[in-house]
Each structure stands twice: as C-alpha cells, then as structure tokens.
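One file, query-v3.cif, carrying mmCIF, C-alpha atoms and all ligand atoms:
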```
data_query
loop_
_atom_site.label_atom_id
_atom_site.label_comp_id
_atom_site.auth_asym_id
_atom_site.auth_seq_id
_atom_site.Cartn_x
_atom_site.Cartn_y
_atom_site.Cartn_z
CA MET L 74 107.89 10.76 227.16
CA LYS L 75 111.29 12.32 226.95
CA HIS L 76 113.00 8.93 227.21
CA ARG L 77 110.67 7.44 224.59
CA ALA L 78 111.48 10.31 222.24
CA LYS L 79 115.16 9.62 222.71
CA VAL L 80 114.68 5.93 221.96
CA LEU L 81 112.70 6.76 218.85
CA LEU L 82 115.34 9.21 217.76
CA ALA L 83 118.08 6.63 218.28
CA ALA L 84 116.11 4.04 216.33
CA ALA L 85 115.53 6.52 213.53
CA LEU L 86 119.23 7.36 213.46
CA CYS L 87 120.09 3.68 213.28
CA LEU L 88 117.71 3.18 210.40
CA PHE L 89 119.14 6.25 208.71
CA LEU L 90 122.70 4.95 209.12
CA LEU L 91 121.73 1.49 207.92
CA GLY L 92 119.79 3.04 205.07
CA GLY L 93 122.84 5.17 204.32
CA CYS L 94 125.03 2.07 204.04
CA SER L 95 122.76 0.09 201.84
CA GLY L 96 122.07 3.21 199.83
CA LYS L 97 125.80 3.58 199.30
CA GLN L 98 126.03 0.02 198.11
CA ALA L 99 122.94 0.35 195.96
CA ALA L 100 124.39 3.48 194.40
CA GLY L 101 127.61 1.57 193.70
CA LEU L 102 129.70 3.97 195.78
CA ASP L 103 131.73 1.10 197.27
CA GLU L 104 132.49 -0.36 193.87
CA LYS L 105 136.02 -1.25 192.87
CA ARG L 106 137.48 1.48 190.71
CA THR L 107 140.89 1.50 189.12
CA SER L 108 143.03 4.03 187.37
CA THR L 109 146.46 4.00 185.76
CA VAL L 110 148.55 7.15 185.82
CA PHE L 111 151.96 7.65 184.26
CA ALA L 112 153.79 10.06 186.52
CA MET L 113 157.13 10.50 188.30
CA ASP L 114 158.69 8.44 185.53
CA THR L 115 156.73 5.33 186.37
CA VAL L 116 153.38 3.59 186.01
CA MET L 117 151.02 4.07 188.94
CA GLU L 118 148.00 1.85 189.56
CA LEU L 119 145.24 2.97 191.89
CA THR L 120 142.55 0.61 193.19
CA VAL L 121 139.91 2.22 195.36
CA TYR L 122 136.64 0.83 196.69
CA GLY L 123 134.72 4.06 196.63
CA PRO L 124 133.20 6.73 194.46
CA GLU L 125 134.70 7.93 191.20
CA ASP L 126 135.41 11.48 192.39
CA VAL L 127 137.77 10.21 195.11
CA LEU L 128 139.81 8.44 192.46
CA ARG L 129 140.03 11.69 190.50
CA GLU L 130 141.20 13.46 193.66
CA CYS L 131 144.01 10.90 194.01
CA GLU L 132 145.06 11.43 190.40
CA ASN L 133 145.15 15.18 191.02
CA ILE L 134 147.36 14.71 194.08
CA ILE L 135 149.85 12.76 191.95
CA THR L 136 149.97 15.28 189.12
CA SER L 137 150.20 18.31 191.38
CA LEU L 138 152.97 16.78 193.51
CA GLU L 139 154.90 15.79 190.41
CA LYS L 140 154.66 19.39 189.17
CA LYS L 141 156.06 20.66 192.46
CA LEU L 142 158.71 18.07 193.21
CA SER L 143 160.18 16.97 189.88
CA ALA L 144 163.87 17.83 189.54
CA THR L 145 163.62 17.85 185.74
CA ASP L 146 160.44 19.88 185.14
CA PRO L 147 161.43 23.53 184.53
CA GLY L 148 158.17 24.61 186.19
CA SER L 149 158.79 22.82 189.49
CA GLU L 150 159.84 24.26 192.83
CA ILE L 151 162.82 21.92 193.01
CA TYR L 152 163.98 22.93 189.53
CA ALA L 153 163.81 26.62 190.49
CA LEU L 154 165.73 25.91 193.69
CA ASN L 155 168.43 24.00 191.84
CA GLU L 156 168.76 26.76 189.23
CA LYS L 157 169.12 29.63 191.70
CA GLY L 158 170.55 27.91 194.75
CA THR L 159 167.89 29.49 196.91
CA ALA L 160 164.11 29.69 196.63
CA GLN L 161 160.87 30.27 198.46
CA VAL L 162 158.96 27.04 198.19
CA SER L 163 155.52 25.89 199.36
CA ASP L 164 155.21 24.84 203.00
CA GLU L 165 154.63 21.30 201.80
CA THR L 166 157.88 21.17 199.82
CA ALA L 167 159.83 22.78 202.65
CA LEU L 168 158.49 20.21 205.09
CA LEU L 169 159.29 17.30 202.78
CA ILE L 170 162.85 18.58 202.32
CA SER L 171 163.24 18.92 206.11
CA ASP L 172 161.90 15.42 206.63
CA ALA L 173 164.19 14.01 203.95
CA LEU L 174 167.16 15.73 205.61
CA CYS L 175 166.28 13.95 208.86
CA TRP L 176 166.44 10.63 207.03
CA CYS L 177 169.77 11.63 205.49
CA GLU L 178 171.06 12.17 209.01
CA LYS L 179 169.53 9.02 210.50
CA THR L 180 171.08 6.94 207.71
CA SER L 181 174.48 8.63 208.16
CA GLY L 182 174.33 10.00 204.63
CA ALA L 183 173.49 6.73 202.84
CA LEU L 184 170.47 8.72 201.77
CA ASP L 185 171.65 12.08 200.47
CA ILE L 186 169.21 14.28 198.58
CA SER L 187 172.12 16.38 197.27
CA ILE L 188 173.24 13.43 195.10
CA TYR L 189 171.60 15.05 192.05
CA PRO L 190 174.72 16.37 190.25
CA VAL L 191 176.18 12.84 190.37
CA LEU L 192 172.93 11.27 189.20
CA LYS L 193 172.91 13.65 186.21
CA ALA L 194 176.48 12.73 185.31
CA TRP L 195 175.43 9.08 185.03
CA GLY L 196 172.61 10.19 182.73
CA PHE L 197 169.83 8.76 184.86
CA THR L 198 167.83 11.98 184.81
CA ALA L 199 167.62 12.20 181.01
CA ASP L 200 167.93 8.56 179.93
CA ALA L 201 171.30 9.52 178.41
CA TYR L 202 173.38 6.91 180.17
CA ARG L 203 177.17 7.15 180.43
CA VAL L 204 179.94 6.19 182.83
CA PRO L 205 181.55 9.36 184.20
CA GLY L 206 185.33 9.48 184.62
CA GLU L 207 186.98 9.35 188.04
CA GLU L 208 188.02 13.00 188.01
CA GLU L 209 184.59 14.15 186.95
CA LEU L 210 183.03 12.11 189.76
CA ALA L 211 185.47 13.42 192.34
CA GLY L 212 184.61 17.00 191.33
CA LEU L 213 180.87 16.35 191.55
CA LEU L 214 181.16 14.51 194.84
CA SER L 215 182.51 17.68 196.43
CA LEU L 216 179.00 19.09 195.88
CA VAL L 217 177.29 16.20 197.66
CA ASP L 218 176.64 16.89 201.33
CA TYR L 219 173.13 17.10 202.69
CA THR L 220 174.32 19.30 205.59
CA GLY L 221 174.72 22.05 202.98
CA VAL L 222 170.93 22.23 202.53
CA ALA L 223 169.24 24.71 204.87
CA VAL L 224 165.50 25.08 205.35
CA GLU L 225 164.33 28.22 207.13
CA GLY L 226 160.56 28.47 207.13
CA SER L 227 159.68 28.23 203.47
CA SER L 228 163.12 29.38 202.26
CA VAL L 229 165.54 26.73 201.10
CA ILE L 230 169.18 27.60 200.64
CA LEU L 231 171.74 25.36 198.98
CA ARG L 232 175.47 25.66 199.41
CA ASP L 233 177.25 26.88 196.24
CA GLY L 234 176.74 24.61 193.25
CA MET L 235 174.62 22.08 195.11
CA GLN L 236 171.44 20.61 193.66
CA ILE L 237 168.85 18.34 195.23
CA ASP L 238 166.49 15.58 194.07
CA LEU L 239 163.61 14.13 196.08
CA GLY L 240 163.32 11.04 193.84
CA ALA L 241 164.07 8.71 196.75
CA VAL L 242 161.14 9.93 198.87
CA ALA L 243 158.61 11.61 196.54
CA LYS L 244 156.57 8.53 195.68
CA GLY L 245 156.30 7.43 199.31
CA TYR L 246 155.19 10.91 200.32
CA THR L 247 152.67 10.96 197.46
CA GLY L 248 151.28 7.64 198.69
CA ASP L 249 150.86 9.10 202.18
CA ARG L 250 148.91 12.05 200.81
CA ILE L 251 146.68 9.69 198.83
CA MET L 252 146.05 7.50 201.89
CA GLU L 253 145.13 10.56 204.01
CA THR L 254 142.73 11.76 201.33
CA LEU L 255 141.09 8.36 201.00
CA ALA L 256 140.75 7.94 204.76
CA SER L 257 139.16 11.34 205.22
CA ALA L 258 136.74 10.58 202.39
CA GLY L 259 135.59 7.56 204.42
CA ILE L 260 137.16 4.96 202.11
CA ARG L 261 137.88 1.75 203.97
CA SER L 262 139.63 -0.30 201.33
CA ALA L 263 142.24 0.76 198.76
CA LEU L 264 145.61 -0.21 197.35
CA VAL L 265 147.93 2.00 195.33
CA ASN L 266 151.03 0.82 193.54
CA LEU L 267 153.17 3.80 192.67
CA GLY L 268 155.82 2.07 190.58
CA GLY L 269 156.77 -0.62 193.09
CA ASN L 270 155.75 1.44 196.10
CA VAL L 271 152.63 -0.25 197.44
CA GLN L 272 150.46 1.44 200.05
CA VAL L 273 147.20 0.05 201.35
CA LEU L 274 144.27 1.34 203.33
CA GLY L 275 142.40 -1.14 205.52
CA LYS L 276 141.72 -4.70 204.54
CA LYS L 277 140.37 -6.09 201.30
CA PRO L 278 136.59 -5.68 201.00
CA ASP L 279 136.14 -9.35 201.96
CA GLY L 280 137.86 -8.66 205.29
CA SER L 281 141.12 -10.48 204.51
CA PRO L 282 144.50 -8.70 204.57
CA TRP L 283 146.12 -7.52 201.35
CA ARG L 284 148.93 -9.66 200.02
CA VAL L 285 151.73 -7.59 198.55
CA ALA L 286 154.15 -9.58 196.44
CA ILE L 287 157.87 -8.82 196.45
CA ALA L 288 159.50 -9.00 193.03
CA ASP L 289 162.35 -11.39 192.33
CA PRO L 290 165.24 -9.03 191.55
CA VAL L 291 166.89 -11.56 189.23
CA LYS L 292 164.15 -13.09 187.13
CA SER L 293 160.50 -12.43 186.46
CA GLY L 294 158.15 -13.50 189.25
CA TYR L 295 158.13 -13.04 193.00
CA ILE L 296 160.21 -14.26 195.91
CA GLY L 297 157.42 -13.97 198.45
CA TYR L 298 154.68 -11.77 199.80
CA VAL L 299 153.77 -9.90 202.93
CA GLU L 300 150.31 -9.55 204.42
CA THR L 301 149.18 -6.14 205.53
CA ASP L 302 146.00 -4.34 206.54
CA GLY L 303 147.37 -0.82 206.34
CA GLY L 304 150.63 0.95 205.59
CA ALA L 305 153.44 0.83 203.06
CA VAL L 306 155.47 -1.92 201.40
CA ILE L 307 158.18 -0.17 199.44
CA THR L 308 160.97 -1.72 197.39
CA SER L 309 164.22 -0.29 196.04
CA GLY L 310 166.36 -2.37 193.78
CA GLY L 311 169.15 -2.07 191.30
CA TYR L 312 167.02 -3.98 188.80
CA GLN L 313 164.45 -1.19 188.56
CA ARG L 314 166.48 1.23 186.43
CA PHE L 315 169.84 0.43 184.94
CA PHE L 316 172.01 0.36 181.82
CA GLU L 317 174.84 -1.84 180.67
CA GLU L 318 178.20 -0.83 179.27
CA ASP L 319 181.07 -3.16 178.42
CA GLY L 320 179.28 -5.99 180.19
CA VAL L 321 178.91 -4.07 183.45
CA THR L 322 175.49 -3.12 184.82
CA TYR L 323 175.04 0.32 186.36
CA HIS L 324 171.87 1.16 188.29
CA HIS L 325 170.22 4.32 189.61
CA ILE L 326 170.83 4.05 193.37
CA ILE L 327 174.05 5.89 194.04
CA ASP L 328 176.38 5.38 196.97
CA PRO L 329 177.13 8.95 198.12
CA SER L 330 180.48 7.81 199.52
CA ASN L 331 181.93 7.18 196.04
CA GLY L 332 179.38 8.49 193.53
CA CYS L 333 178.90 5.07 191.93
CA PRO L 334 175.90 2.74 191.79
CA ALA L 335 175.77 1.12 195.23
CA ARG L 336 177.31 -2.35 195.41
CA SER L 337 176.51 -3.40 198.93
CA GLY L 338 175.75 -7.05 198.30
CA LEU L 339 172.01 -6.43 198.12
CA LEU L 340 169.81 -6.80 195.05
CA SER L 341 166.69 -5.33 196.60
CA VAL L 342 165.35 -3.95 199.85
CA THR L 343 161.68 -3.82 200.80
CA VAL L 344 160.71 -1.72 203.79
CA ILE L 345 157.38 -2.18 205.53
CA GLY L 346 155.91 0.38 207.92
CA ASN L 347 153.20 2.93 208.50
CA SER L 348 154.63 5.90 206.63
CA GLY L 349 155.30 5.74 202.90
CA GLU L 350 157.79 8.56 203.14
CA MET L 351 159.81 6.73 205.81
CA CYS L 352 159.70 3.41 203.96
CA ASP L 353 160.74 5.07 200.69
CA ALA L 354 163.64 6.91 202.33
CA LEU L 355 164.76 3.77 204.12
CA SER L 356 164.45 1.39 201.16
CA THR L 357 166.89 3.54 199.20
CA ALA L 358 169.21 4.05 202.17
CA LEU L 359 169.30 0.40 203.32
CA PHE L 360 170.08 -0.67 199.77
CA VAL L 361 173.14 1.60 199.87
CA MET L 362 174.14 0.46 203.37
CA GLY L 363 174.07 -3.29 202.84
CA ALA L 364 172.66 -6.03 205.06
CA GLU L 365 174.79 -5.58 208.15
CA LYS L 366 174.37 -1.83 208.53
CA ALA L 367 170.70 -2.15 207.54
CA ALA L 368 170.16 -4.61 210.40
CA ASP L 369 171.96 -2.26 212.80
CA LEU L 370 169.74 0.63 211.75
CA TRP L 371 166.63 -1.53 212.21
CA ARG L 372 167.75 -2.48 215.72
CA ARG L 373 168.62 1.11 216.59
CA GLU L 374 165.68 3.02 215.06
CA GLY L 375 162.86 0.46 214.92
CA GLY L 376 159.46 1.48 213.59
CA PHE L 377 159.81 -0.55 210.40
CA GLU L 378 160.48 -4.05 209.09
CA ALA L 379 162.48 -5.10 206.04
CA VAL L 380 163.03 -7.86 203.51
CA LEU L 381 166.56 -7.90 202.10
CA VAL L 382 167.52 -9.94 199.03
CA ALA L 383 171.26 -10.54 198.87
CA ASP L 384 173.29 -11.16 195.72
CA ASP L 385 174.09 -14.69 196.91
CA GLY L 386 170.37 -15.51 196.78
CA ARG L 387 169.72 -15.28 200.52
CA VAL L 388 166.53 -13.59 201.69
CA LEU L 389 166.70 -11.94 205.12
CA VAL L 390 163.66 -10.67 206.98
CA THR L 391 163.54 -8.69 210.20
CA GLU L 392 161.97 -10.43 213.17
CA GLY L 393 158.66 -8.54 213.02
CA LEU L 394 157.86 -10.19 209.68
CA LYS L 395 158.25 -13.74 210.97
CA ASP L 396 154.53 -14.39 210.61
CA SER L 397 153.56 -11.99 207.85
CA TYR L 398 156.27 -12.77 205.27
CA HIS L 399 155.58 -15.84 203.15
CA ALA L 400 158.26 -17.20 200.84
CA LEU L 401 157.17 -18.46 197.44
CA SER L 402 158.60 -21.25 195.31
CA GLY L 403 160.08 -23.19 198.19
CA GLY L 404 162.51 -20.49 199.31
CA LYS L 405 163.10 -19.85 203.00
CA ALA L 406 164.04 -16.57 204.63
CA ALA L 407 166.59 -16.13 207.41
CA VAL L 408 165.38 -14.00 210.30
CA ILE L 409 167.32 -10.92 211.47
CA GLY L 410 166.95 -10.84 215.25
CA ARG L 411 167.22 -8.06 217.82
CA ASP L 412 170.73 -9.10 218.83
P1 LIG I 1 162.63 4.14 192.71
O1 LIG I 1 162.41 5.60 192.58
O2 LIG I 1 163.23 3.49 191.50
O3 LIG I 1 161.43 3.41 193.21
P2 LIG I 1 164.18 4.68 195.06
O4 LIG I 1 163.08 5.07 195.96
O5 LIG I 1 165.23 3.85 195.65
O6 LIG I 1 163.72 3.92 193.79
O7 LIG I 1 164.80 6.03 194.56
C1 LIG I 1 165.82 6.08 193.65
C2 LIG I 1 165.95 7.52 193.23
O8 LIG I 1 166.47 8.27 194.30
C3 LIG I 1 166.93 7.70 192.09
O9 LIG I 1 166.28 7.64 190.86
C4 LIG I 1 167.48 9.08 192.38
O10 LIG I 1 166.58 10.05 191.93
C5 LIG I 1 167.51 9.13 193.89
N1 LIG I 1 168.73 8.61 194.52
C6 LIG I 1 169.64 7.69 194.07
N2 LIG I 1 170.57 7.43 195.01
C7 LIG I 1 170.25 8.19 196.08
C8 LIG I 1 170.83 8.39 197.37
N3 LIG I 1 171.89 7.71 197.78
N4 LIG I 1 170.23 9.27 198.19
C9 LIG I 1 169.14 9.97 197.80
N5 LIG I 1 168.55 9.83 196.63
C10 LIG I 1 169.09 8.96 195.77
MG MG I 2 163.16 5.31 198.02
#
```

Please express what this file holds, its structure, as structure tokens.
Ligand code: ADP
Ligand code: MG
Amino acid sequence: MKHRAKVLLAAALCLFLLGGCSGKQAAGLDEKRTSTVFAMDTVMELTVYGPEDVLRECENIITSLEKKLSATDPGSEIYALNEKGTAQVSDETALLISDALCWCEKTSGALDISIYPVLKAWGFTADAYRVPGEEELAGLLSLVDYTGVAVEGSSVILRDGMQIDLGAVAKGYTGDRIMETLASAGIRSALVNLGGNVQVLGKKPDGSPWRVAIADPVKSGYIGYVETDGGAVITSGGYQRFFEEDGVTYHHIIDPSNGCPARSGLLSVTVIGNSGEMCDALSTALFVMGAEKAADLWRREGGFEAVLVADDGRVLVTEGLKDSYHALSGGKAAVIGRD
C-alpha cells in the first residue's frame, strides 16, 4: 500500500509539473518580451522569454545601478566619493571597486579606474570635446594610479586629488546582475545588449545557440559572429565614441601611460567569457594593450577568449574560438595559439 501511495504521489507530481509547464505556456509566461532602456549613456535592449514582471525587474536593476555608479550623477556614490576623496559606499559598490582594482593589477594598469580626471579633460564625460595640452595632461596624469585607491570594508579612500570612473566595467557588471536575476526567476532563454555588451542566458527557445554579431569597426555591418549558449560577448572599440579635430580622430579609451586615446594598432576588441564584468574590464584593457600584449595576457590568465580587429584589417581570434567564430563576407581570421 505504502509503495502504491508513493507511485501515485510521484505520478501526481509528474502531472502537476507537466501541467505547470503547459500552464505556463498557455498563460504566455514564456513569451518573448523586449524592452529598450536608455541608461549609462547608451541604448540597452533586453529580450527575455518569460513573464513581464521579470523584465521590469531587469529594468530596475539597470536604473538603480546607474544611480549608484555614474561618475556624473551628483546623487551617485561614485560622485560623492570623487567630491570628498573618501566615502562610505554600499557593499555592492565597494566590491565592484575592489574587483575592478584586481583587473587594473592583472592588466598592469592598462585598465586604470583612476583615469577619470584625464577623461574629463578630453571632454568625454560632458560631450564637450577638446584636445588638452601636453602640460595639462602631464599634471592630470600625476593623479592617475589605481594603487592610490583603497577599499576597507565599505569605506573607499582616494589619494589626494584622485577621482575614479567605473565606466569600463559597469555595463558588464550590470549584465551579470541581470543574468543572475533571470536565472533565479527560472528564465531559460534571454539576451541583453547593453550598448554593445551582449550577455545571454541559455540557448534560443528553439534549442540553437545564440549568434552574436561583431561589428565592423570601419564601416557599417559585421565582420563575423560567435555562437554562444551562455555568457558574455563584450566589445570595446575606438569607433564607439569619438570626435574629430583638425582631421585627427580622438576616441574615449585612454592609454593611462600617456593620457591619450589608445593607439595600439587595434580598432576593436571583443572578449568572450562567463563573467560580464571580466569581459568588460578586459575588452577595455586589451584594446589599450594591443595585440601582442593581449595575446600574452590570454596565455597567462586564460578564462576568456578574444577577437581582435587590427588597423591593417587583420582579424585575430584566440584558439578557443576556432569553432565558434564565423567570419562573414569572405574574411578569414588568424588564430592566436598557446605558444
Ligand atoms: P564602452 O563603455 O564604450 O562600451 P568600454 O567598456 O571600453 O567601452 O569603456 C570605456 C569607458 O571606460 C570610457 O568611457 C571611460 O569611462 C572608461 N575608460 C577609458 N579608458 C579607460 C582605461 N584605460 N581604464 C579604465 N577605464 C577607462
Ligand atoms: Mg569595458
């Protein structure tokens, strides 16, 4: 009798679960829903196969993180820190700053969150573009040194005159938070594009992997695409934000070694991996470092793959992408090997 009861219970549970699934479909809870948000100075597109309220939750994550992390919003934690040189911040912000500092170290300062005073001088923070003079840059560069940022619990202390900006990692981190939220809500299929930062959850509803296209940094269109069934595909490029003066183009990714827009021979870097925060940090840093140092870092650190587009038109992909990167329009990529 006992055994029979168990069997009946199991059967009932099965029916309930099956019923739950079809009920979900019948109620349209797995429907494709999209939303466009303008935040963090860019257009963000969310595509979620799930209920409406989860999409709203994702939008709220974006707006609340922007409020906390923006360097230009007078109400943000980062703004307060930059104004006073020291501040108590939320645990989340403190952790993100600590993480970012680790990436600054791992990239030997190619990523440097204390670049903000230099970025301001170029006018990138206020769309008031200008080319700063050499002396001005030299003065500001003396304030750039990520080792002058200390995080102790939730206190952050900046060395005199220093200011920080999390622009190189904030969108990747935001994507991670969105992915966590979606996963814990039971969503199995989603893609978010946070201004060129693509992060996906699971496969497409038809069971095939997502195809994430990589923009051509020179002309409209794409150079290729990668296939993924989870994780981040994040691109940094000089073509994303720039201005021109006297026939010279100046973009928003600054080389901390000289305070000028990085000219490393690369036009764009796409980093592919599990963590959006890591891929965002690395896409900015590898762009500053150039192909050779980028390949060295990939060999040394691992845990990610990359597509590098060089200014001579070459496309280089790390070995792990051999099968998942597909060139478009007849192009062919060279493979960066382990040695
Ligand atoms: P985007 O935000 O355009 O997608 P990135 O992730 O590469 O591109 O971030 C660029 C942003 O990072 C800049 O707008 C600026 O706020 C900041 N930044 C620029 N150069 C550096 C650098 N060397 N280290 C850290 N942050 C940087
Ligand atoms: Mg970045």

Under the rule of at most 9 Å, produce a per-residue listing of chain L near ligand LIG 1 (chain I): chain, number, name, the closest pair of atoms, and the distance in Å, as a tab-separated table, using all atoms listed in the file.
```
residue	atom	partner	partner_atom	distance
L:Met113	CA	I:LIG1	O1	8.4
L:Asp114	CA	I:LIG1	O1	8.5
L:Thr115	CA	I:LIG1	O1	8.4
L:Ala144	CA	I:LIG1	O10	8.6
L:Ala173	CA	I:LIG1	C9	8.9
L:Cys177	CA	I:LIG1	N4	7.7
L:Gly182	CA	I:LIG1	N3	7.6
L:Ala183	CA	I:LIG1	N3	5.4
L:Leu184	CA	I:LIG1	N4	3.6
L:Asp185	CA	I:LIG1	N4	3.9
L:Ile186	CA	I:LIG1	C9	4.4
L:Ser187	CA	I:LIG1	C9	7.1
L:Ile188	CA	I:LIG1	N4	6.0
L:Tyr189	CA	I:LIG1	O10	7.1
L:Leu192	CA	I:LIG1	C4	6.7
L:Phe197	CA	I:LIG1	O9	7.1
L:Thr198	CA	I:LIG1	O10	7.5
L:Ile237	CA	I:LIG1	N5	8.6
L:Asp238	CA	I:LIG1	O10	5.9
L:Leu239	CA	I:LIG1	O10	6.5
L:Gly240	CA	I:LIG1	O10	3.9
L:Ala241	CA	I:LIG1	O8	3.5
L:Val242	CA	I:LIG1	O4	6.0
L:Ala243	CA	I:LIG1	O4	7.9
L:Lys244	CA	I:LIG1	O1	7.2
L:Gly245	CA	I:LIG1	O4	7.9
L:Leu267	CA	I:LIG1	O3	8.3
L:Gly268	CA	I:LIG1	O3	6.3
L:Gly269	CA	I:LIG1	O3	6.2
L:Asn270	CA	I:LIG1	O3	6.7
L:Ile307	CA	I:LIG1	O3	7.9
L:Thr308	CA	I:LIG1	O3	6.6
L:Ser309	CA	I:LIG1	O5	4.3
L:Gly310	CA	I:LIG1	O5	6.6
L:Gly311	CA	I:LIG1	O2	8.1
L:Tyr312	CA	I:LIG1	O2	8.8
L:Gln313	CA	I:LIG1	O2	5.7
L:Arg314	CA	I:LIG1	O2	6.4
L:His324	CA	I:LIG1	O9	8.9
L:His325	CA	I:LIG1	O9	5.3
L:Ile326	CA	I:LIG1	N2	3.8
L:Ile327	CA	I:LIG1	N2	3.9
L:Asp328	CA	I:LIG1	N3	5.1
L:Pro329	CA	I:LIG1	N3	5.4
L:Ser330	CA	I:LIG1	N3	8.8
L:Gly332	CA	I:LIG1	N3	8.6
L:Pro334	CA	I:LIG1	N2	7.8
L:Ala335	CA	I:LIG1	N3	8.1
L:Val342	CA	I:LIG1	O5	8.9
L:Cys352	CA	I:LIG1	O4	8.8
L:Asp353	CA	I:LIG1	O4	5.3
L:Ala354	CA	I:LIG1	O4	6.7
L:Leu355	CA	I:LIG1	O4	8.4
L:Ser356	CA	I:LIG1	O5	6.1
L:Thr357	CA	I:LIG1	O5	3.9
L:Ala358	CA	I:LIG1	N3	6.3
L:Phe360	CA	I:LIG1	O5	7.8
L:Val361	CA	I:LIG1	N3	6.6
```

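Counting from atom CA of L:Leu119, the distance to atom CA of L:Val388 is 28.7 Å.
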
* **L:Phe111 surroundings by only C-alpha atoms, 10 Å radius, close-in-sequence under 5 positions cut, as an MDAnalysis selection string** => chainID L and resid 116:118 132 135:136 267:268

Output of the above residues as a PDB file, in the frame of the given file, restricted to C-alpha atoms:
```pdb
ATOM      1  CA  VAL L 116     153.380   3.590 186.010  1.00  0.00           C
ATOM      2  CA  MET L 117     151.020   4.070 188.940  1.00  0.00           C
ATOM      3  CA  GLU L 118     148.000   1.850 189.560  1.00  0.00           C
ATOM      4  CA  GLU L 132     145.060  11.430 190.400  1.00  0.00           C
ATOM      5  CA  ILE L 135     149.850  12.760 191.950  1.00  0.00           C
ATOM      6  CA  THR L 136     149.970  15.280 189.120  1.00  0.00           C
ATOM      7  CA  LEU L 267     153.170   3.800 192.670  1.00  0.00           C
ATOM      8  CA  GLY L 268     155.820   2.070 190.580  1.00  0.00           C
TER       9      GLY L 268
END
```

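Shortest atom-to-atom contact with ligand MG 2 (chain I) among L:Asp396, L:Glu374, L:Asp289, L:Glu350: L:Glu350, counting only C-alpha atoms and all ligand atoms.
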
* To do: Rank L:Leu154, L:Val306, L:Ala286, L:Val321 by their smallest atom-to-atom distance to ligand MG 2 (chain I), using only C-alpha atoms and all ligand atoms, and report the top residue only.
  => L:Val306
